[in-house]
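**Q** After the structure tokens below, expect a handful of questions from me.
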Amino acid sequence: MILINEWLPNPLGNDATGEWVEIFNSGGDRVDLAGWKLITRGGKGVNLSGGINPREYRVFERTQTKLTLHNTDGKLELYNSTGQLVDQQSFFGVAPEGSSFSRIKQGSFVFSEPTYKSENVLVLKQAIINNVYPREV
């Protein structure tokens, strides 16, 4: 099964050179991506090409695809070669700069440190771990 694994809608620096989308083949067979499409909120899309091997991560960079990812209320859809929606993911609000929207093991998505072309790892920021709430007076 081909899934949206991770995407970086709001990279540090220039969006035009830093944005990317990563897909993952969780199945046991190579999949030809000819005819597959990635489509963002608003309907802009790109046709994919090439193939993806079993357990492989494949990254499509904005410099190649010209696909603009939304920093606010982002949405991404993946369609197979027959036009069937196979995966879709979205977030509300503003994407934190430098964090990717990443699939975690339970199938949920969270913003975390980017893991370009590799398994996603949820990294808790030290600021969150040490967060102290003020006492009521």
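Residues are named by chain letter and number: chains run A, B, ... in the order of the structure tokens, numbers start at 1 in each chain, and ligands are numbered from 1 in the order shown.
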Excluding segment 72-86 of chain A and its own-chain neighbours fewer than 4 positions away, which residues fall within 7 Å of it when counting only C-alpha atoms? Please give them as number ranges by chain.

**A** A: 34-41, 90-95

**Q** Go ahead and save the residues from that selection, with N, CA, C and O atoms, as a short mmCIF file (atom, residue, chain, number, x, y, z; two decimals), in the first residue's frame.

**A**
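Contents of result-v7.cif, as written:
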data_model
loop_
_atom_site.label_atom_id
_atom_site.label_comp_id
_atom_site.auth_asym_id
_atom_site.auth_seq_id
_atom_site.Cartn_x
_atom_site.Cartn_y
_atom_site.Cartn_z
N ALA A 34 3.39 5.62 -12.46
CA ALA A 34 2.84 6.29 -13.64
C ALA A 34 1.33 6.42 -13.49
O ALA A 34 0.64 5.46 -13.19
N GLY A 35 0.82 7.62 -13.66
CA GLY A 35 -0.61 7.88 -13.53
C GLY A 35 -1.06 8.24 -12.13
O GLY A 35 -2.19 8.65 -11.93
N TRP A 36 -0.19 8.07 -11.12
CA TRP A 36 -0.52 8.47 -9.75
C TRP A 36 -0.44 9.99 -9.64
O TRP A 36 0.33 10.63 -10.36
N LYS A 37 -1.22 10.58 -8.73
CA LYS A 37 -1.24 12.04 -8.56
C LYS A 37 -1.23 12.43 -7.09
O LYS A 37 -1.85 11.77 -6.26
N LEU A 38 -0.55 13.53 -6.82
CA LEU A 38 -0.62 14.22 -5.53
C LEU A 38 -1.37 15.52 -5.79
O LEU A 38 -1.04 16.25 -6.73
N ILE A 39 -2.37 15.81 -4.96
CA ILE A 39 -3.17 17.02 -5.12
C ILE A 39 -3.27 17.74 -3.78
O ILE A 39 -3.53 17.12 -2.75
N THR A 40 -3.06 19.06 -3.80
CA THR A 40 -3.13 19.86 -2.59
C THR A 40 -4.52 20.46 -2.43
O THR A 40 -5.35 20.42 -3.35
N ARG A 41 -4.75 21.06 -1.25
CA ARG A 41 -5.99 21.80 -1.03
C ARG A 41 -6.09 22.87 -2.12
O ARG A 41 -5.13 23.53 -2.44
N SER A 90 -4.57 16.02 6.36
CA SER A 90 -4.74 17.46 6.46
C SER A 90 -4.46 17.92 7.88
O SER A 90 -4.47 17.14 8.82
N PHE A 91 -4.20 19.22 8.00
CA PHE A 91 -4.02 19.84 9.31
C PHE A 91 -4.74 21.19 9.29
O PHE A 91 -4.95 21.77 8.24
N PHE A 92 -5.11 21.64 10.49
CA PHE A 92 -5.74 22.94 10.65
C PHE A 92 -4.77 23.86 11.37
O PHE A 92 -3.97 23.42 12.19
N GLY A 93 -4.83 25.12 11.05
CA GLY A 93 -3.93 26.09 11.66
C GLY A 93 -2.68 26.26 10.81
O GLY A 93 -2.65 25.86 9.64
N VAL A 94 -1.66 26.83 11.42
CA VAL A 94 -0.42 27.14 10.72
C VAL A 94 0.63 26.08 11.03
O VAL A 94 0.86 25.73 12.19
N ALA A 95 1.28 25.57 9.99
CA ALA A 95 2.36 24.59 10.16
C ALA A 95 3.56 25.28 10.80
O ALA A 95 3.99 26.33 10.34
#

**Q** Check the smallest atom-to-atom distance from each of A:Glu119, A:Glu19, A:Asp32, A:Glu97 to Leu69 of chain A using only C-alpha atoms, then report the winner.

**A**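 Of A:Glu119, A:Glu19, A:Asp32, A:Glu97, the one nearest Leu69 of chain A, counting only C-alpha atoms, is A:Glu19.
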
**Q** Please, what distance in Å, to one decimal, runs between atom CA of Pro11 of chain A and atom CA of Thr63 of chain A?

**A**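 Separation between atom CA of Pro11 of chain A and atom CA of Thr63 of chain A: 13.3 Å.
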
**Q** Each residue of segment 56-135 of chain A lying at most 8 Å from segment 1-10 of chain A should get a row with its shortest atom-to-atom pair and the distance in Å to one decimal, counting only C-alpha atoms; could you produce that, ordered by chain and increasing number, as a tab-separated table?

**A**
residue	atom	partner	partner_atom	distance
A:Leu69	CA	A:Pro9	CA	5.1
A:His70	CA	A:Pro9	CA	6.1
A:Asn71	CA	A:Pro9	CA	5.4
A:Gly74	CA	A:Pro9	CA	7.8
A:Leu78	CA	A:Ile4	CA	7.1
A:Val86	CA	A:Leu3	CA	7.4
A:Asp87	CA	A:Leu3	CA	6.0
A:Gln88	CA	A:Ile4	CA	7.3
A:Gln89	CA	A:Ile4	CA	7.6
A:Ala95	CA	A:Asn10	CA	6.1
A:Pro96	CA	A:Asn10	CA	6.7
A:Glu97	CA	A:Asn10	CA	5.0
A:Gly98	CA	A:Asn10	CA	6.0
A:Ser99	CA	A:Leu8	CA	6.6
A:Ser100	CA	A:Leu8	CA	4.3
A:Phe101	CA	A:Trp7	CA	5.3
A:Ser102	CA	A:Glu6	CA	4.3
A:Arg103	CA	A:Asn5	CA	5.3
A:Pro114	CA	A:Leu8	CA	7.4
A:Asn120	CA	A:Glu6	CA	7.9

**Q** Go ahead and save the picked residues with N, CA and C atoms, as a compact mmCIF listing (two decimals), in the first residue's frame.

**A**
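Printed below is selection_12.txt as written:
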# COMPACT_ATOMS: atom_id res chain seq x y z
N LEU A 69 2.75 23.62 -1.36
CA LEU A 69 2.05 23.13 -0.17
C LEU A 69 1.58 24.33 0.65
N HIS A 70 0.40 24.24 1.23
CA HIS A 70 -0.15 25.34 2.01
C HIS A 70 0.40 25.31 3.43
N ASN A 71 0.83 26.47 3.92
CA ASN A 71 1.33 26.57 5.29
C ASN A 71 0.20 26.62 6.30
N GLY A 74 -3.43 22.99 5.66
CA GLY A 74 -2.92 22.19 4.55
C GLY A 74 -3.68 20.89 4.35
N LEU A 78 -3.59 11.65 -2.27
CA LEU A 78 -2.84 10.76 -3.16
C LEU A 78 -3.82 9.87 -3.90
N VAL A 86 -6.34 7.05 -2.50
CA VAL A 86 -5.76 5.99 -1.66
C VAL A 86 -5.30 6.52 -0.30
N ASP A 87 -5.07 7.83 -0.19
CA ASP A 87 -4.69 8.41 1.10
C ASP A 87 -4.93 9.91 1.04
N GLN A 88 -5.30 10.47 2.18
CA GLN A 88 -5.41 11.92 2.30
C GLN A 88 -5.10 12.32 3.73
N GLN A 89 -4.45 13.46 3.88
CA GLN A 89 -4.08 13.96 5.19
C GLN A 89 -4.26 15.46 5.19
N ALA A 95 1.28 25.57 9.99
CA ALA A 95 2.36 24.59 10.16
C ALA A 95 3.56 25.28 10.80
N PRO A 96 4.12 24.70 11.87
CA PRO A 96 5.31 25.28 12.50
C PRO A 96 6.48 25.28 11.52
N GLU A 97 7.20 26.37 11.48
CA GLU A 97 8.33 26.47 10.56
C GLU A 97 9.38 25.42 10.90
N GLY A 98 9.81 24.67 9.88
CA GLY A 98 10.85 23.67 10.05
C GLY A 98 10.38 22.31 10.52
N SER A 99 9.07 22.14 10.76
CA SER A 99 8.54 20.85 11.20
C SER A 99 7.75 20.21 10.08
N SER A 100 7.90 18.91 9.93
CA SER A 100 7.14 18.18 8.91
C SER A 100 5.89 17.59 9.54
N PHE A 101 4.87 17.39 8.70
CA PHE A 101 3.64 16.73 9.14
C PHE A 101 3.87 15.26 8.88
N SER A 102 4.01 14.46 9.94
CA SER A 102 4.56 13.11 9.85
C SER A 102 3.60 12.05 10.38
N ARG A 103 3.52 10.94 9.64
CA ARG A 103 2.73 9.78 10.08
C ARG A 103 3.48 9.09 11.21
N PRO A 114 11.72 16.77 10.75
CA PRO A 114 11.71 16.06 9.47
C PRO A 114 12.67 14.86 9.48
N ASN A 120 9.76 7.80 10.23
CA ASN A 120 9.46 8.94 11.07
C ASN A 120 9.71 8.61 12.54

**Q** If you run DSSP on the backbone, which residues of segment 14-131 of chain A are alpha helix (DSSP H), as a PyMOL selection string?

**A** chain A and resi 15-18+62-65+126-129

**Q** Out of segment 23-113 of chain A, which residues get strand (DSSP E) from DSSP, as a PyMOL selection string?

**A** chain A and resi 23-25+31-32+37-40+45-47+51-52+57-61+75-79+85-90+100-103+109-112

**Q** With N, CA, C and O atoms retained, export the selected residues as a short mmCIF file (atom, residue, chain, number, x, y, z; two decimals), in the first residue's frame.

**A**
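Contents of again-v4.cif, freshly written:
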data_model
loop_
_atom_site.label_atom_id
_atom_site.label_comp_id
_atom_site.auth_asym_id
_atom_site.auth_seq_id
_atom_site.Cartn_x
_atom_site.Cartn_y
_atom_site.Cartn_z
N ILE A 23 6.32 9.76 0.19
CA ILE A 23 5.39 8.64 0.22
C ILE A 23 6.15 7.39 0.63
O ILE A 23 7.38 7.36 0.58
N PHE A 24 5.40 6.37 1.05
CA PHE A 24 6.00 5.14 1.54
C PHE A 24 5.24 3.95 0.98
O PHE A 24 4.01 3.96 0.93
N ASN A 25 5.98 2.94 0.56
CA ASN A 25 5.38 1.69 0.08
C ASN A 25 5.44 0.68 1.22
O ASN A 25 6.50 0.11 1.50
N VAL A 31 5.76 -0.83 -6.97
CA VAL A 31 4.59 -0.18 -7.57
C VAL A 31 5.06 0.85 -8.58
O VAL A 31 5.91 1.69 -8.28
N ASP A 32 4.49 0.77 -9.79
CA ASP A 32 4.75 1.76 -10.84
C ASP A 32 3.88 2.97 -10.53
O ASP A 32 2.66 2.85 -10.41
N LYS A 37 -1.22 10.58 -8.73
CA LYS A 37 -1.24 12.04 -8.56
C LYS A 37 -1.23 12.43 -7.09
O LYS A 37 -1.85 11.77 -6.26
N LEU A 38 -0.55 13.53 -6.82
CA LEU A 38 -0.62 14.22 -5.53
C LEU A 38 -1.37 15.52 -5.79
O LEU A 38 -1.04 16.25 -6.73
N ILE A 39 -2.37 15.81 -4.96
CA ILE A 39 -3.17 17.02 -5.12
C ILE A 39 -3.27 17.74 -3.78
O ILE A 39 -3.53 17.12 -2.75
N THR A 40 -3.06 19.06 -3.80
CA THR A 40 -3.13 19.86 -2.59
C THR A 40 -4.52 20.46 -2.43
O THR A 40 -5.35 20.42 -3.35
N GLY A 45 -2.31 19.94 -8.59
CA GLY A 45 -1.73 18.61 -8.46
C GLY A 45 -0.54 18.39 -9.36
O GLY A 45 -0.18 19.23 -10.18
N VAL A 46 0.04 17.22 -9.20
CA VAL A 46 1.19 16.81 -10.00
C VAL A 46 1.08 15.32 -10.29
O VAL A 46 0.66 14.54 -9.43
N ASN A 47 1.43 14.94 -11.50
CA ASN A 47 1.50 13.53 -11.88
C ASN A 47 2.83 12.96 -11.42
O ASN A 47 3.88 13.58 -11.64
N GLY A 51 8.98 4.50 -10.06
CA GLY A 51 8.44 3.41 -9.25
C GLY A 51 8.89 3.55 -7.81
O GLY A 51 9.73 4.38 -7.48
N ILE A 52 8.31 2.70 -6.97
CA ILE A 52 8.69 2.70 -5.56
C ILE A 52 8.75 1.23 -5.10
O ILE A 52 7.80 0.47 -5.28
N TYR A 57 10.97 4.69 0.89
CA TYR A 57 10.48 6.05 1.04
C TYR A 57 10.89 6.80 -0.24
O TYR A 57 12.04 6.72 -0.65
N ARG A 58 9.97 7.53 -0.82
CA ARG A 58 10.27 8.29 -2.04
C ARG A 58 9.85 9.73 -1.81
O ARG A 58 8.73 10.00 -1.37
N VAL A 59 10.76 10.66 -2.07
CA VAL A 59 10.51 12.07 -1.83
C VAL A 59 10.34 12.81 -3.16
O VAL A 59 11.09 12.59 -4.11
N PHE A 60 9.33 13.68 -3.18
CA PHE A 60 9.08 14.55 -4.32
C PHE A 60 9.25 15.98 -3.84
O PHE A 60 8.48 16.48 -3.03
N GLU A 61 10.29 16.64 -4.35
CA GLU A 61 10.61 17.99 -3.92
C GLU A 61 9.89 19.02 -4.79
O GLU A 61 9.65 18.78 -5.97
N LYS A 75 -3.72 20.47 3.10
CA LYS A 75 -4.37 19.20 2.75
C LYS A 75 -3.60 18.59 1.59
O LYS A 75 -3.17 19.29 0.68
N LEU A 76 -3.45 17.28 1.63
CA LEU A 76 -2.75 16.56 0.57
C LEU A 76 -3.49 15.26 0.30
O LEU A 76 -3.85 14.54 1.24
N GLU A 77 -3.72 14.96 -0.97
CA GLU A 77 -4.41 13.74 -1.39
C GLU A 77 -3.52 12.97 -2.35
O GLU A 77 -2.81 13.57 -3.16
N LEU A 78 -3.59 11.65 -2.27
CA LEU A 78 -2.84 10.76 -3.16
C LEU A 78 -3.82 9.87 -3.90
O LEU A 78 -4.62 9.18 -3.27
N TYR A 79 -3.76 9.91 -5.24
CA TYR A 79 -4.64 9.10 -6.09
C TYR A 79 -3.80 8.10 -6.88
O TYR A 79 -2.71 8.43 -7.35
N LEU A 85 -8.86 7.57 -4.77
CA LEU A 85 -8.19 8.18 -3.62
C LEU A 85 -7.67 7.08 -2.72
O LEU A 85 -8.43 6.25 -2.24
N VAL A 86 -6.34 7.05 -2.50
CA VAL A 86 -5.76 5.99 -1.66
C VAL A 86 -5.30 6.52 -0.30
O VAL A 86 -5.16 5.74 0.65
N ASP A 87 -5.07 7.83 -0.19
CA ASP A 87 -4.69 8.41 1.10
C ASP A 87 -4.93 9.91 1.04
O ASP A 87 -4.77 10.54 -0.01
N GLN A 88 -5.30 10.47 2.18
CA GLN A 88 -5.41 11.92 2.30
C GLN A 88 -5.10 12.32 3.73
O GLN A 88 -5.41 11.59 4.67
N GLN A 89 -4.45 13.46 3.88
CA GLN A 89 -4.08 13.96 5.19
C GLN A 89 -4.26 15.46 5.19
O GLN A 89 -4.10 16.12 4.16
N SER A 90 -4.57 16.02 6.36
CA SER A 90 -4.74 17.46 6.46
C SER A 90 -4.46 17.92 7.88
O SER A 90 -4.47 17.14 8.82
N SER A 100 7.90 18.91 9.93
CA SER A 100 7.14 18.18 8.91
C SER A 100 5.89 17.59 9.54
O SER A 100 5.85 17.31 10.74
N PHE A 101 4.87 17.39 8.70
CA PHE A 101 3.64 16.73 9.14
C PHE A 101 3.87 15.26 8.88
O PHE A 101 3.94 14.82 7.73
N SER A 102 4.01 14.46 9.94
CA SER A 102 4.56 13.11 9.85
C SER A 102 3.60 12.05 10.38
O SER A 102 3.02 12.21 11.45
N ARG A 103 3.52 10.94 9.64
CA ARG A 103 2.73 9.78 10.08
C ARG A 103 3.48 9.09 11.21
O ARG A 103 4.67 8.83 11.12
N PHE A 109 -1.14 11.68 12.40
CA PHE A 109 -0.11 12.60 11.95
C PHE A 109 0.14 13.65 13.02
O PHE A 109 -0.79 14.09 13.70
N VAL A 110 1.40 14.04 13.17
CA VAL A 110 1.80 15.11 14.08
C VAL A 110 2.91 15.91 13.41
O VAL A 110 3.60 15.42 12.52
N PHE A 111 3.09 17.15 13.87
CA PHE A 111 4.25 17.92 13.42
C PHE A 111 5.45 17.50 14.26
O PHE A 111 5.36 17.41 15.48
N SER A 112 6.56 17.22 13.59
CA SER A 112 7.76 16.76 14.28
C SER A 112 8.99 17.13 13.45
O SER A 112 8.87 17.75 12.40
#
